[in-house]
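Single-structure report; data block below.
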Amino acid sequence: MKKKFANQKEAKQLISKFGAEFAVVKNPGYIHPEYELYPLAPKIKKPVEALTASVMDMDGTTTTTEALCIHSLEFIIRKLSGRMIKQQWKGLDSVKDYPHIIGNSTTKHVEYLIEKYQKTFIHDQIIKSFLYAAGWTIIYGKDAKRKDEVIQNLKDFNCSALLKDQKLIKLNPSSLPDDDDEVQICDYLFSQFSVQFKKSDFNSLVRIGIDVYYQRYHEILERIKLGEGKFIADNLFGDPEKHLIEAMPGIEIFLPMIKGLITSNEDIYFDQLLIDYEIKSGKKFPKKNIDKKRSTFKKLCNYFINDPLKVAVVTSSIFYEADVVLREVFKIIYAKLDKMIPVVDDKIKILNNFKDYRNYYDAVITASDSNEIRLKPHRDLYSIALYKLNIPREKFTQVVGFEDSESGTIAIRAAGIGLSIAVPFAETSGHNLKAATYICKGGLPEVILKHNLFR
Ligand SMILES: [Mg+2]
């Protein structure tokens, strides 16, 4: 292709070569053009030749952090309206609110909540919440981009003097503030900077909401990292045993299998897979098929011993979040495998792969590898994954992609992968998943049991 410019007629011809199906992805108001047109790779029912790689979403496909995200979102409303104790706040409406605050971008989630609950906000609370979230992010935050955004907001809201405040700067970044500290810091920052604060239009409220959301979410992640997960779970949900970050059903079988790590005791893995199938789909796997599937499963495990896949995790979360979440979920997978696998020769070898997520994955791609405006449904994160896995364009037909959401299934095909598999979970079941080649409501267990991983 030598052409560098084309008129409309030529452009039409060029575009028509890309195929029959396109995704229309709307851009934010400050981007030209208004929308992008993505040629989608034609759907394929099976990989051409053998499968060589699997690219997989994190949240909703490999793990779920849903409880934490919802908590952090409703925290915005509670903060801005001053309803911090249980008696004042009955919680979000799971029927009316949840479809708008799960499975989309954080900005979209926050916009919905601000629009709906704006009337309940208290002016002084808005200012306090913003100043505290900004101060916390500057002192305790671990993500550089997040800090930059907060600094930008401080400038826009006429409060950048906060960055030079000596009392704030002197706080110890390695000792997180407790509830009492928070009240003190809030009151102090309010006394110093509230006069300068001017904005309360819708867009400003959204930006404040986003700062409050990330402050809360990152604070909890930081506490999980420090080993306070049980304390937080008890505090927030009244159950110290509740996992704030969960592993998706079947992932503890799927991951070792595609890496060719299951070399014995296949029956044990298979029995666990049946349990996971039931958890995910809500129904038992048909009894009459079980014996046949058991032997197919064994063959599939054997197949991957000789031809293990390259595996990448591809997430719109920033690196800081993905790092904490993947560490936690690999701890859970490790514990499950440790309990499940009897002491055999390969047990240590399998477990070693799950000691650290970096031992397992061939590539980890996060939002920090790209930019907020290029996340799913844009193709970029998946294109970066294919590059990092060293897969040339002509081999994209040997790759499978897994996603639980509409934007994810589009991003996979926009990156040129025709085998895009939707594994929706309860919260994304309302998504339009027509970009997917298969929709597997039984998740990864269904992918193995019913589709034999498309072999
Ligand atoms: Mg997802």
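Following the order of the structure tokens, first chain is A, next is B, and so on, with residues numbered from 1 inside each chain and ligands from 1 in the order they appear.
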Would you kindly return, as an NGL selection string, each protein, DNA or RNA residue with an atom no farther than 8 Å from any atom of Val325 (chain A), considering only C-alpha atoms and excluding same-chain residues fewer than 5 positions away?
:A and (65 or 221 or 245)
Take the residues from that selection and write them out as a short mmCIF file (atom, residue, chain, number, x, y, z; two decimals), in the first residue's frame, keeping N, CA, C and O atoms.
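So the final result, stored in out16.cif, reads:
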```
data_model
loop_
_atom_site.label_atom_id
_atom_site.label_comp_id
_atom_site.auth_asym_id
_atom_site.auth_seq_id
_atom_site.Cartn_x
_atom_site.Cartn_y
_atom_site.Cartn_z
N THR A 65 -13.97 -8.11 40.74
CA THR A 65 -13.77 -7.17 41.85
C THR A 65 -15.05 -6.36 42.03
O THR A 65 -15.04 -5.29 42.61
N LEU A 221 -7.49 -1.34 47.86
CA LEU A 221 -6.48 -2.20 47.24
C LEU A 221 -5.18 -2.16 48.04
O LEU A 221 -4.54 -3.18 48.27
N ILE A 245 -11.84 -9.97 46.18
CA ILE A 245 -11.49 -10.26 44.79
C ILE A 245 -11.67 -11.76 44.61
O ILE A 245 -11.10 -12.55 45.37
#
```
Hey, could you make a per-residue contact list for chain A against ligand 1 with 8 Å as the cut-off, showing the nearest pair of atoms and its distance in Å to one decimal, counting only C-alpha atoms and all ligand atoms, sorted by chain and number, as a Markdown table?
```
| residue | atom | partner | partner_atom_place_in_ligand_line | distance |
| --- | --- | --- | --- | --- |
| A:Asp57 | CA | ligand 1 | 1 (Mg) | 5.7 |
| A:Met58 | CA | ligand 1 | 1 (Mg) | 6.0 |
| A:Asp59 | CA | ligand 1 | 1 (Mg) | 4.3 |
| A:Gly60 | CA | ligand 1 | 1 (Mg) | 4.3 |
| A:Thr61 | CA | ligand 1 | 1 (Mg) | 5.8 |
| A:Gly103 | CA | ligand 1 | 1 (Mg) | 6.5 |
| A:Thr315 | CA | ligand 1 | 1 (Mg) | 7.6 |
| A:Glu403 | CA | ligand 1 | 1 (Mg) | 5.9 |
| A:Asp404 | CA | ligand 1 | 1 (Mg) | 5.0 |
| A:Ser405 | CA | ligand 1 | 1 (Mg) | 5.5 |
| A:Gly408 | CA | ligand 1 | 1 (Mg) | 6.7 |
```
Write out as a PyMOL selection string each polymer residue whose atoms come within 6 Å of region 148-162 of chain A, counting only C-alpha atoms; drop sequence neighbours fewer than 6 positions from it.
chain A and resi 134+196-197
Any chance you could tabulate, as a Markdown table, the residues of region 308-392 of chain A at most 12 Å from region 12-26 of chain A with each one's nearest atom pair and distance in Å to one decimal, using only C-alpha atoms, in chain and rising number order?
```
| residue | atom | partner | partner_atom | distance |
| --- | --- | --- | --- | --- |
| A:Ile373 | CA | A:Lys26 | CA | 10.5 |
| A:Arg374 | CA | A:Val25 | CA | 10.6 |
| A:Leu375 | CA | A:Val25 | CA | 11.0 |
| A:Lys376 | CA | A:Val25 | CA | 9.6 |
| A:Pro377 | CA | A:Val25 | CA | 7.1 |
| A:His378 | CA | A:Val25 | CA | 7.4 |
| A:Arg379 | CA | A:Val25 | CA | 10.5 |
```
Please return as an NGL selection string: the residues of region 219-353 of chain A that backbone DSSP assigns to alpha helix (DSSP H).
:A and (219-225 or 229-237 or 251-258 or 266-281 or 290-306 or 319-340 or 347-353)
Can you list every residue of region 238-345 of chain A that has an atom at most 12 Å from region 41-54 of chain A, with its nearest atom pair and the distance in Å to one decimal, using only C-alpha atoms, ordered by chain then number, as CSV?
```
residue,atom,partner,partner_atom,distance
A:Phe254,CA,A:Ser54,CA,10.9
A:Leu255,CA,A:Ser54,CA,9.9
A:Met257,CA,A:Ser54,CA,11.9
A:Ile258,CA,A:Ser54,CA,8.5
A:Lys259,CA,A:Ala53,CA,9.9
A:Tyr303,CA,A:Ala50,CA,10.6
A:Phe304,CA,A:Leu51,CA,9.8
A:Asn306,CA,A:Thr52,CA,11.5
A:Asp307,CA,A:Thr52,CA,7.7
A:Pro308,CA,A:Thr52,CA,7.4
A:Leu309,CA,A:Ala53,CA,4.7
A:Lys310,CA,A:Ala53,CA,4.5
A:Val311,CA,A:Ser54,CA,4.9
A:Ala312,CA,A:Ser54,CA,6.5
A:Val313,CA,A:Ser54,CA,8.6
A:Val314,CA,A:Ser54,CA,10.3
```
Generate a file of the selected residues that holds N, CA and C atoms, formatted as a tab-separated table (two decimals), in the first residue's frame.
```tsv
chain	number	residue	atom	x	y	z
A	254	PHE	N	-8.79	-24.03	33.72
A	254	PHE	CA	-8.51	-23.54	32.37
A	254	PHE	C	-7.04	-23.10	32.22
A	255	LEU	N	-6.56	-22.30	33.17
A	255	LEU	CA	-5.20	-21.76	33.03
A	255	LEU	C	-4.12	-22.85	33.02
A	257	MET	N	-4.50	-25.97	32.26
A	257	MET	CA	-4.71	-26.85	31.12
A	257	MET	C	-4.08	-26.30	29.84
A	258	ILE	N	-4.36	-25.01	29.52
A	258	ILE	CA	-3.89	-24.48	28.23
A	258	ILE	C	-2.36	-24.29	28.21
A	259	LYS	N	-1.76	-24.34	29.37
A	259	LYS	CA	-0.28	-24.27	29.42
A	259	LYS	C	0.34	-25.66	29.42
A	303	TYR	N	-3.22	-32.93	24.73
A	303	TYR	CA	-2.89	-32.14	23.54
A	303	TYR	C	-2.04	-30.92	23.93
A	304	PHE	N	-2.47	-30.21	24.98
A	304	PHE	CA	-1.75	-28.97	25.35
A	304	PHE	C	-0.37	-29.24	25.97
A	306	ASN	N	1.89	-31.01	24.60
A	306	ASN	CA	2.82	-30.84	23.46
A	306	ASN	C	2.71	-29.46	22.82
A	307	ASP	N	1.52	-28.86	22.90
A	307	ASP	CA	1.31	-27.56	22.25
A	307	ASP	C	0.72	-26.53	23.21
A	308	PRO	N	1.48	-26.14	24.21
A	308	PRO	CA	0.94	-25.15	25.16
A	308	PRO	C	0.70	-23.81	24.47
A	309	LEU	N	-0.29	-23.07	24.97
A	309	LEU	CA	-0.61	-21.77	24.37
A	309	LEU	C	0.22	-20.67	25.01
A	310	LYS	N	0.42	-19.60	24.25
A	310	LYS	CA	0.90	-18.36	24.85
A	310	LYS	C	-0.33	-17.70	25.45
A	311	VAL	N	-0.19	-17.10	26.62
A	311	VAL	CA	-1.36	-16.50	27.27
A	311	VAL	C	-1.07	-15.07	27.70
A	312	ALA	N	-2.00	-14.17	27.35
A	312	ALA	CA	-1.88	-12.77	27.80
A	312	ALA	C	-3.15	-12.36	28.52
A	313	VAL	N	-3.01	-11.56	29.57
A	313	VAL	CA	-4.17	-10.95	30.22
A	313	VAL	C	-4.20	-9.50	29.75
A	314	VAL	N	-5.41	-9.05	29.39
A	314	VAL	CA	-5.57	-7.75	28.72
A	314	VAL	C	-6.67	-6.98	29.45
```
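Nearest to Cys301 (chain A) of all the residues A:Ile76, A:Ile275, A:Arg327, A:Tyr269 is A:Tyr269, counting only C-alpha atoms.
A straight line drawn from CA of Lys331 (chain A) to CA of Gly282 (chain A) is 25.6 Å long.
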